file start04.txt (compact mmCIF, C-alpha atoms and all ligand atoms)
# COMPACT_ATOMS: atom_id res chain seq x y z
CA MET A 1 44.85 55.09 28.64
CA THR A 2 45.96 51.52 29.20
CA GLN A 3 47.28 49.29 26.45
CA TYR A 4 46.79 45.55 26.59
CA ALA A 5 47.78 42.62 24.43
CA VAL A 6 45.56 39.55 24.34
CA GLY A 7 46.56 36.04 23.27
CA ASP A 8 44.84 33.76 20.78
CA ILE A 9 41.04 34.15 20.97
CA GLN A 10 40.01 31.47 18.44
CA GLY A 11 36.29 32.00 18.67
CA CYS A 12 36.13 31.80 22.48
CA TYR A 13 33.67 34.63 22.94
CA GLN A 14 32.60 34.03 26.54
CA GLU A 15 36.18 34.13 27.73
CA LEU A 16 36.95 37.24 25.62
CA ASP A 17 33.96 38.99 27.14
CA ALA A 18 34.95 37.94 30.67
CA LEU A 19 38.56 39.02 30.10
CA LEU A 20 37.55 42.48 28.84
CA LYS A 21 35.34 42.86 31.92
CA ARG A 22 38.10 41.69 34.25
CA ILE A 23 40.57 44.29 32.92
CA ASP A 24 37.79 46.88 32.89
CA PHE A 25 38.52 47.55 29.21
CA ASN A 26 37.20 50.92 28.11
CA PRO A 27 37.28 51.34 24.30
CA SER A 28 36.94 55.09 24.61
CA LYS A 29 40.35 55.34 26.25
CA ASP A 30 42.14 51.96 26.24
CA HIS A 31 43.68 49.98 23.38
CA LEU A 32 43.66 46.23 22.74
CA TYR A 33 46.37 44.56 20.66
CA CYS A 34 45.28 41.07 19.62
CA VAL A 35 48.17 38.76 18.67
CA GLY A 36 46.03 36.99 16.08
CA ASP A 37 44.00 33.84 15.51
CA ILE A 38 40.79 35.63 16.38
CA VAL A 39 38.77 32.94 14.61
CA ALA A 40 38.48 29.15 14.14
CA ARG A 41 38.02 26.04 16.30
CA GLY A 42 36.12 27.82 19.10
CA SER A 43 32.34 28.01 19.17
CA ASP A 44 31.68 31.66 18.32
CA SER A 45 34.10 33.29 15.89
CA LEU A 46 31.25 35.50 14.66
CA ALA A 47 30.69 37.13 18.07
CA CYS A 48 34.44 37.64 18.55
CA LEU A 49 34.87 39.45 15.25
CA ARG A 50 31.72 41.53 15.80
CA ARG A 51 32.92 42.61 19.24
CA LEU A 52 36.33 43.66 17.94
CA GLN A 53 35.00 45.38 14.84
CA ALA A 54 32.47 47.34 16.90
CA MET A 55 35.38 48.96 18.75
CA GLU A 56 37.75 49.04 15.78
CA HIS A 57 39.28 52.39 16.79
CA ALA A 58 40.47 50.75 20.04
CA VAL A 59 41.67 47.46 18.51
CA SER A 60 44.70 46.36 16.49
CA ILE A 61 45.27 42.79 15.33
CA THR A 62 48.39 41.12 14.01
CA LEU A 63 46.94 38.40 11.79
CA GLY A 64 47.43 34.75 12.62
CA ASN A 65 47.43 31.64 10.44
CA HIS A 66 43.75 30.94 11.15
CA ASP A 67 42.75 34.52 10.25
CA LEU A 68 44.62 34.32 6.95
CA HIS A 69 43.19 30.87 6.29
CA LEU A 70 39.68 32.27 6.66
CA LEU A 71 40.45 35.16 4.28
CA ALA A 72 42.02 32.77 1.77
CA THR A 73 39.10 30.33 1.97
CA VAL A 74 36.62 33.06 1.08
CA ALA A 75 38.85 34.76 -1.51
CA LEU A 76 39.34 31.45 -3.32
CA GLY A 77 35.70 30.33 -3.01
CA LYS A 78 36.57 27.20 -1.03
CA GLU A 79 34.56 25.36 1.61
CA ALA A 80 35.53 26.01 5.20
CA ASN A 81 36.69 23.07 7.28
CA PRO A 82 33.74 22.07 9.54
CA LYS A 83 36.08 21.70 12.53
CA ASP A 84 36.82 25.43 12.31
CA LYS A 85 33.15 26.12 13.20
CA LEU A 86 32.92 29.09 10.86
CA ALA A 87 29.45 28.44 9.35
CA ALA A 88 27.64 31.10 11.39
CA LEU A 89 30.27 33.70 10.50
CA LEU A 90 30.28 32.82 6.81
CA THR A 91 26.49 33.08 6.51
CA ALA A 92 26.11 36.24 8.64
CA PRO A 93 24.76 39.32 6.83
CA ASP A 94 27.73 41.37 8.06
CA CYS A 95 30.31 38.74 7.04
CA PRO A 96 31.77 40.89 4.21
CA GLN A 97 32.36 43.82 6.57
CA LEU A 98 33.87 41.57 9.23
CA LEU A 99 36.26 39.99 6.72
CA ALA A 100 37.19 43.41 5.34
CA PHE A 101 38.00 44.50 8.89
CA LEU A 102 40.22 41.46 9.31
CA GLN A 103 41.93 41.98 5.96
CA ARG A 104 42.85 45.58 6.90
CA GLN A 105 44.96 44.31 9.79
CA PRO A 106 48.76 44.05 9.63
CA LEU A 107 51.17 41.16 10.24
CA ALA A 108 53.36 43.01 12.71
CA ILE A 109 53.15 46.10 14.89
CA TRP A 110 56.11 48.04 16.27
CA LEU A 111 55.39 50.25 19.27
CA GLU A 112 58.28 52.71 19.23
CA LYS A 113 57.50 54.30 22.58
CA ARG A 114 57.47 50.94 24.33
CA ARG A 115 60.13 49.40 22.09
CA MET A 116 57.90 46.40 21.55
CA LEU A 117 57.24 44.16 18.55
CA ILE A 118 53.90 42.37 18.32
CA SER A 119 53.21 39.55 15.85
CA HIS A 120 51.36 36.24 15.84
CA ALA A 121 54.34 33.86 15.79
CA GLY A 122 57.32 36.04 16.72
CA LEU A 123 60.46 37.32 14.98
CA SER A 124 62.42 35.16 12.54
CA PRO A 125 66.06 34.72 13.61
CA GLN A 126 66.98 35.32 9.95
CA TRP A 127 65.64 38.89 10.10
CA SER A 128 66.61 42.09 11.87
CA LEU A 129 63.77 44.14 13.31
CA SER A 130 63.84 46.59 10.40
CA GLN A 131 63.87 43.76 7.84
CA ALA A 132 60.93 42.13 9.59
CA LEU A 133 58.89 45.33 9.56
CA GLN A 134 59.76 45.96 5.93
CA GLN A 135 58.67 42.43 4.97
CA ALA A 136 55.45 42.77 6.98
CA ARG A 137 54.53 45.91 5.00
CA PHE A 138 55.37 44.09 1.74
CA ALA A 139 53.18 41.07 2.57
CA GLU A 140 50.31 43.29 3.73
CA GLN A 141 50.34 45.00 0.33
CA CYS A 142 50.06 41.54 -1.26
CA TYR A 143 47.08 40.28 0.76
CA GLN A 144 45.32 43.65 0.86
CA GLY A 145 45.82 44.55 -2.78
CA GLU A 146 44.04 43.76 -6.04
CA ASP A 147 46.02 40.55 -6.46
CA ALA A 148 45.14 39.20 -3.01
CA ALA A 149 43.57 36.01 -4.42
CA TYR A 150 46.74 35.33 -6.45
CA TYR A 151 48.81 35.46 -3.26
CA PHE A 152 46.28 33.53 -1.14
CA ALA A 153 46.32 30.73 -3.73
CA ARG A 154 50.11 30.42 -3.34
CA MET A 155 50.34 30.92 0.42
CA TYR A 156 50.27 27.29 1.58
CA GLN A 157 53.80 26.10 1.07
CA ASN A 158 56.56 25.28 3.52
CA ALA A 159 59.37 26.30 1.18
CA PRO A 160 61.42 28.40 1.12
CA SER A 161 62.28 27.70 4.75
CA GLN A 162 65.16 30.16 4.75
CA TRP A 163 65.00 33.86 3.96
CA HIS A 164 68.02 33.83 1.65
CA GLU A 165 66.28 31.21 -0.50
CA ALA A 166 63.31 33.53 -1.11
CA GLN A 167 64.07 35.13 -4.47
CA SER A 168 60.78 35.84 -6.25
CA LYS A 169 58.00 38.05 -4.93
CA VAL A 170 55.81 35.00 -4.27
CA GLU A 171 58.63 33.22 -2.41
CA LYS A 172 59.19 36.32 -0.28
CA PHE A 173 55.47 36.45 0.45
CA ILE A 174 55.39 32.76 1.45
CA TYR A 175 58.40 33.06 3.74
CA THR A 176 57.03 36.24 5.33
CA ILE A 177 53.61 34.71 6.03
CA ASN A 178 55.21 31.55 7.45
CA ALA A 179 57.65 33.47 9.65
CA PHE A 180 55.01 35.77 11.08
CA THR A 181 52.12 33.33 11.43
CA ARG A 182 53.33 29.70 11.50
CA MET A 183 56.84 29.65 12.97
CA ARG A 184 57.56 27.78 16.21
CA PHE A 185 60.77 25.80 15.85
CA VAL A 186 63.83 26.52 13.73
CA ASN A 187 66.96 24.46 13.12
CA LYS A 188 70.53 25.52 13.88
CA GLN A 189 70.71 27.48 10.64
CA GLY A 190 67.48 29.28 11.54
CA ALA A 191 65.43 27.49 8.85
CA LEU A 192 61.72 27.27 9.67
CA ASN A 193 60.29 23.92 10.73
CA LEU A 194 56.54 24.16 10.24
CA SER A 195 55.39 20.75 11.39
CA ASP A 196 56.40 20.44 15.04
CA LYS A 197 53.96 22.01 17.52
CA GLY A 198 54.95 20.53 20.84
CA ALA A 199 56.72 21.88 23.87
CA PRO A 200 60.44 22.66 23.50
CA ASN A 201 62.66 19.60 23.94
CA GLN A 202 66.09 20.37 25.31
CA ASN A 203 67.71 17.46 23.49
CA GLY A 204 66.11 17.70 20.05
CA PRO A 205 67.66 19.17 16.89
CA LEU A 206 65.00 21.88 16.73
CA ILE A 207 65.05 24.97 18.87
CA PRO A 208 62.32 27.51 19.61
CA TRP A 209 62.76 30.61 17.42
CA PHE A 210 63.29 32.76 20.52
CA ASN A 211 66.24 30.64 21.68
CA HIS A 212 68.14 30.90 18.39
CA PRO A 213 71.43 32.79 18.92
CA ASN A 214 70.77 35.09 15.94
CA ARG A 215 67.36 36.16 17.15
CA GLY A 216 66.98 39.95 17.32
CA GLY A 217 65.32 41.56 20.28
CA GLU A 218 67.91 41.85 23.02
CA ASP A 219 67.00 45.51 23.39
CA PHE A 220 63.25 45.34 22.82
CA ASP A 221 60.23 43.31 23.89
CA ILE A 222 58.51 40.76 21.67
CA VAL A 223 54.86 39.82 22.24
CA PHE A 224 53.45 36.82 20.38
CA GLY A 225 50.87 34.01 20.49
CA HIS A 226 50.39 30.90 18.33
CA TRP A 227 52.18 28.39 20.58
CA ALA A 228 49.84 27.01 23.21
CA ALA A 229 52.26 24.27 24.28
CA LEU A 230 54.53 26.95 25.80
CA GLU A 231 51.75 27.62 28.34
CA GLY A 232 52.80 31.26 28.46
CA HIS A 233 56.49 30.67 29.22
CA THR A 234 59.58 31.37 27.12
CA GLY A 235 62.10 31.58 29.95
CA ILE A 236 63.13 35.03 28.63
CA ALA A 237 61.80 37.98 30.59
CA HIS A 238 61.19 40.34 27.67
CA ILE A 239 59.75 37.76 25.26
CA HIS A 240 56.09 37.31 26.10
CA ALA A 241 54.12 34.23 25.00
CA LEU A 242 50.41 35.04 25.33
CA ASP A 243 48.72 31.99 23.78
CA THR A 244 47.62 30.05 26.83
CA GLY A 245 45.41 27.67 24.83
CA CYS A 246 41.91 28.85 25.71
CA VAL A 247 40.34 26.88 22.86
CA TRP A 248 42.10 23.73 24.10
CA GLY A 249 40.77 24.11 27.64
CA GLY A 250 43.56 26.35 28.94
CA SER A 251 42.95 30.04 29.48
CA MET A 252 42.83 33.40 27.70
CA THR A 253 45.49 35.87 28.76
CA ALA A 254 45.82 39.64 28.57
CA MET A 255 49.00 41.55 29.40
CA ASN A 256 49.22 45.19 30.44
CA LEU A 257 51.91 46.55 28.09
CA LYS A 258 53.21 49.06 30.61
CA ASN A 259 53.84 46.90 33.68
CA LYS A 260 53.70 43.49 31.89
CA ASN A 261 51.22 42.14 34.43
CA THR A 262 48.99 39.40 33.06
CA VAL A 263 45.41 38.40 33.76
CA SER A 264 43.95 35.07 32.63
CA ILE A 265 40.42 33.74 32.35
CA PRO A 266 40.13 29.95 32.49
CA ALA A 267 38.35 28.33 29.54
CA TYR A 268 34.68 27.66 30.13
CA LEU A 269 33.68 24.06 29.77
CA SER A 270 30.98 24.95 27.25
CA SER A 271 33.36 26.30 24.61
MN MN D 1 48.27 30.34 15.23

call {"tool": "encode", "arguments": {"input": "start04.txt", "output": "structure tokens"}}
result
Amino acid sequence: MTQYAVGDIQGCYQELDALLKRIDFNPSKDHLYCVGDIVARGSDSLACLRRLQAMEHAVSITLGNHDLHLLATVALGKEANPKDKLAALLTAPDCPQLLAFLQRQPLAIWLEKRRMLISHAGLSPQWSLSQALQQARFAEQCYQGEDAAYYFARMYQNAPSQWHEAQSKVEKFIYTINAFTRMRFVNKQGALNLSDKGAPNQNGPLIPWFNHPNRGGEDFDIVFGHWAALEGHTGIAHIHALDTGCVWGGSMTAMNLKNKNTVSIPAYLSS
């Protein structure tokens, strides 16, 4: 059995298919951890979700901002943004099952044997590992429960940007979703900045979450996606950035969780 993590897929089905072939992925014995953003922007989100759902027993996903946005759009009866290219998915006969599959997925996965945390955006420097996992379970109960639409309707806010400011259940939900799915830069205090998406700038006031001095994870690995501008590099050996920007013309990357070797498939021009 080989375990792999794969970076942001974002509807790039041809590259996903080629990557699974390249690593000789066998769903009857291997396992694929997807770091999230399965859907949106790429040309075939429908095929990506169908492929993953068809081998659900061999797949785990930590949801990304685009995945949650899709679930929220449908739960709230809103129109999808045409640039997300979700029309084929949303009109497919198996759309309800595919969305239910997505909604069952967690925000964070802890692999005890490997001492490895997987999430879409990383680990907030204002949380310990155990706090992060506790908050992930809390937020999953919100978006998977009967009141999911209530939480989806309140999800899109940038405040509170600091964990200690999150007092109510909704504020804790908002902070948790933002930390796990939207975080890139934080300030000196560790507050989330949710607008800057670029490459790290040594001289700016904002620092990547993984460079914050309070960041947990000196004694475990962290695997994340979401930040294509990093081009797969954090400069820290045990913090693994897997979003190599396939949908933007980069590549799609898979990492073997045991030996940390990576394989990448360059983006096809057609997608
Ligand atoms: Mn993302």

call {"tool": "residues_near_point", "arguments": {"input": "start04.txt", "point": "(51.2, 29.6, 27.4)", "cutoff": "9 Å", "atoms": "all atoms listed in the file", "output": "MDAnalysis selection string"}}
result
chainID A and resid 7 225 227:234 241:245 250:251 253

call {"tool": "residues_near_point", "arguments": {"input": "start04.txt", "point": "(65.9, 38.5, 20.8)", "cutoff": "12 Å", "atoms": "only C-alpha atoms", "output": "short mmCIF file (atom, residue, chain, number, x, y, z; two decimals) with C-alpha atoms, keeping the file's coordinate frame"}}
result
data_model
loop_
_atom_site.label_atom_id
_atom_site.label_comp_id
_atom_site.auth_asym_id
_atom_site.auth_seq_id
_atom_site.Cartn_x
_atom_site.Cartn_y
_atom_site.Cartn_z
CA MET A 116 57.90 46.40 21.55
CA LEU A 117 57.24 44.16 18.55
CA GLY A 122 57.32 36.04 16.72
CA LEU A 123 60.46 37.32 14.98
CA SER A 124 62.42 35.16 12.54
CA PRO A 125 66.06 34.72 13.61
CA GLN A 126 66.98 35.32 9.95
CA TRP A 127 65.64 38.89 10.10
CA SER A 128 66.61 42.09 11.87
CA LEU A 129 63.77 44.14 13.31
CA PRO A 208 62.32 27.51 19.61
CA TRP A 209 62.76 30.61 17.42
CA PHE A 210 63.29 32.76 20.52
CA ASN A 211 66.24 30.64 21.68
CA HIS A 212 68.14 30.90 18.39
CA PRO A 213 71.43 32.79 18.92
CA ASN A 214 70.77 35.09 15.94
CA ARG A 215 67.36 36.16 17.15
CA GLY A 216 66.98 39.95 17.32
CA GLY A 217 65.32 41.56 20.28
CA GLU A 218 67.91 41.85 23.02
CA ASP A 219 67.00 45.51 23.39
CA PHE A 220 63.25 45.34 22.82
CA ASP A 221 60.23 43.31 23.89
CA ILE A 222 58.51 40.76 21.67
CA VAL A 223 54.86 39.82 22.24
CA THR A 234 59.58 31.37 27.12
CA ILE A 236 63.13 35.03 28.63
CA ALA A 237 61.80 37.98 30.59
CA HIS A 238 61.19 40.34 27.67
CA ILE A 239 59.75 37.76 25.26
CA HIS A 240 56.09 37.31 26.10
#

call {"tool": "residues_near_ligand", "arguments": {"input": "start04.txt", "ligand": "ligand MN 1 (chain D)", "cutoff": "8 Å", "atoms": "all atoms listed in the file", "output": "ChimeraX atom specification"}}
result
/A:8,36-37,64-66,120-121,181-182,225-227

call {"tool": "atom_distance", "arguments": {"input": "start04.txt", "atom1": "CA of Ser119 (chain A)", "atom2": "CA of Glu79 (chain A)"}}
result
27.4 Å

call {"tool": "residues_around", "arguments": {"input": "start04.txt", "residues": "region 187-197 of chain A", "least_positions_apart": "6", "cutoff": "7 Å", "atoms": "all atoms listed in the file", "output": "MDAnalysis selection string"}}
result
chainID A and resid 125:126 158 161:162 205:207

call {"tool": "closest_atom_pairs", "arguments": {"input": "start04.txt", "of": "region 37-153 of chain A", "to": "region 24-27 of chain A", "cutoff": "8 Å", "atoms": "all atoms listed in the file", "output": "JSON lines"}}
result
{"residue": "A:Met55", "atom": "CA", "partner": "A:Pro27", "partner_atom": "CA", "distance": 6.3}
{"residue": "A:His57", "atom": "CA", "partner": "A:Pro27", "partner_atom": "CA", "distance": 7.8}
{"residue": "A:Ala58", "atom": "CA", "partner": "A:Pro27", "partner_atom": "CA", "distance": 5.4}

call {"tool": "write_last_selection", "arguments": {"input": "start04.txt", "atoms": "C-alpha atoms", "output": "short mmCIF file (atom, residue, chain, number, x, y, z; two decimals), in the coordinates of the input"}}
result
data_model
loop_
_atom_site.label_atom_id
_atom_site.label_comp_id
_atom_site.auth_asym_id
_atom_site.auth_seq_id
_atom_site.Cartn_x
_atom_site.Cartn_y
_atom_site.Cartn_z
CA MET A 55 35.38 48.96 18.75
CA HIS A 57 39.28 52.39 16.79
CA ALA A 58 40.47 50.75 20.04
#

call {"tool": "atom_distance", "arguments": {"input": "start04.txt", "atom1": "CA of Ala108 (chain A)", "atom2": "CA of Asp147 (chain A)"}}
result
20.7 Å

call {"tool": "atom_distance", "arguments": {"input": "start04.txt", "atom1": "CA of Leu76 (chain A)", "atom2": "CA of Asp94 (chain A)"}}
result
19.0 Å

call {"tool": "residues_around", "arguments": {"input": "start04.txt", "residues": "Ala148 (chain A)", "least_positions_apart": "6", "cutoff": "10 Å", "atoms": "all atoms listed in the file", "output": "list in words"}}
result
Leu71, Ala72, Ala75, Leu76, Gln103, Ala139, Glu140, Gln141 and Cys142 of chain A

call {"tool": "closest_residue", "arguments": {"input": "start04.txt", "among": "A:Arg154, A:Arg114, A:Lys83, A:His69", "to": "Asn256 (chain A)", "atoms": "all atoms listed in the file"}}
result
A:Arg114

call {"tool": "residues_around", "arguments": {"input": "start04.txt", "residues": "Arg137 (chain A)", "least_positions_apart": "3", "cutoff": "12 Å", "atoms": "all atoms listed in the file", "output": "ChimeraX atom specification"}}
result
/A:62,104-110,130-134,140-145,172-173,176-177,180

call {"tool": "closest_residue", "arguments": {"input": "start04.txt", "among": "A:Glu165, A:Glu171, A:Asp17, A:Asp84", "to": "Leu52 (chain A)", "atoms": "only C-alpha atoms"}}
result
A:Asp17

call {"tool": "closest_residue", "arguments": {"input": "start04.txt", "among": "A:Asn81, A:Ser43, A:Gln10, A:Gln53", "to": "Cys95 (chain A)", "atoms": "all atoms listed in the file"}}
result
A:Gln53

call {"tool": "closest_residue", "arguments": {"input": "start04.txt", "among": "A:Val74, A:Val186, A:Ala92, A:Ile118", "to": "Ala149 (chain A)", "atoms": "all atoms listed in the file"}}
result
A:Val74

call {"tool": "decode", "arguments": {"input": "start04.txt", "residues": "region 150-177 of chain A", "atoms": "C-alpha atoms", "output": "tab-separated table (two decimals), in the first residue's frame"}}
result
chain	number	residue	atom	x	y	z
A	150	TYR	CA	-27.07	28.76	8.04
A	151	TYR	CA	-23.29	28.40	8.30
A	152	PHE	CA	-22.68	28.61	4.54
A	153	ALA	CA	-24.62	31.89	4.46
A	154	ARG	CA	-22.27	33.36	7.09
A	155	MET	CA	-19.00	31.86	5.83
A	156	TYR	CA	-17.77	34.71	3.63
A	157	GLN	CA	-16.24	37.14	6.06
A	158	ASN	CA	-12.65	38.09	6.76
A	159	ALA	CA	-13.23	38.85	10.44
A	160	PRO	CA	-12.37	37.71	13.00
A	161	SER	CA	-8.79	37.54	11.75
A	162	GLN	CA	-7.47	36.33	15.10
A	163	TRP	CA	-8.53	33.23	16.99
A	164	HIS	CA	-8.88	34.99	20.34
A	165	GLU	CA	-11.41	37.37	18.76
A	166	ALA	CA	-13.67	34.47	17.76
A	167	GLN	CA	-16.25	34.31	20.55
A	168	SER	CA	-19.55	33.08	19.09
A	169	LYS	CA	-20.08	29.76	17.34
A	170	VAL	CA	-20.42	31.52	13.99
A	171	GLU	CA	-17.22	33.52	14.55
A	172	LYS	CA	-15.37	30.32	15.45
A	173	PHE	CA	-16.73	28.70	12.29
A	174	ILE	CA	-15.63	31.65	10.13
A	175	TYR	CA	-12.12	31.73	11.59
A	176	THR	CA	-11.76	27.96	11.26
A	177	ILE	CA	-12.84	27.93	7.61
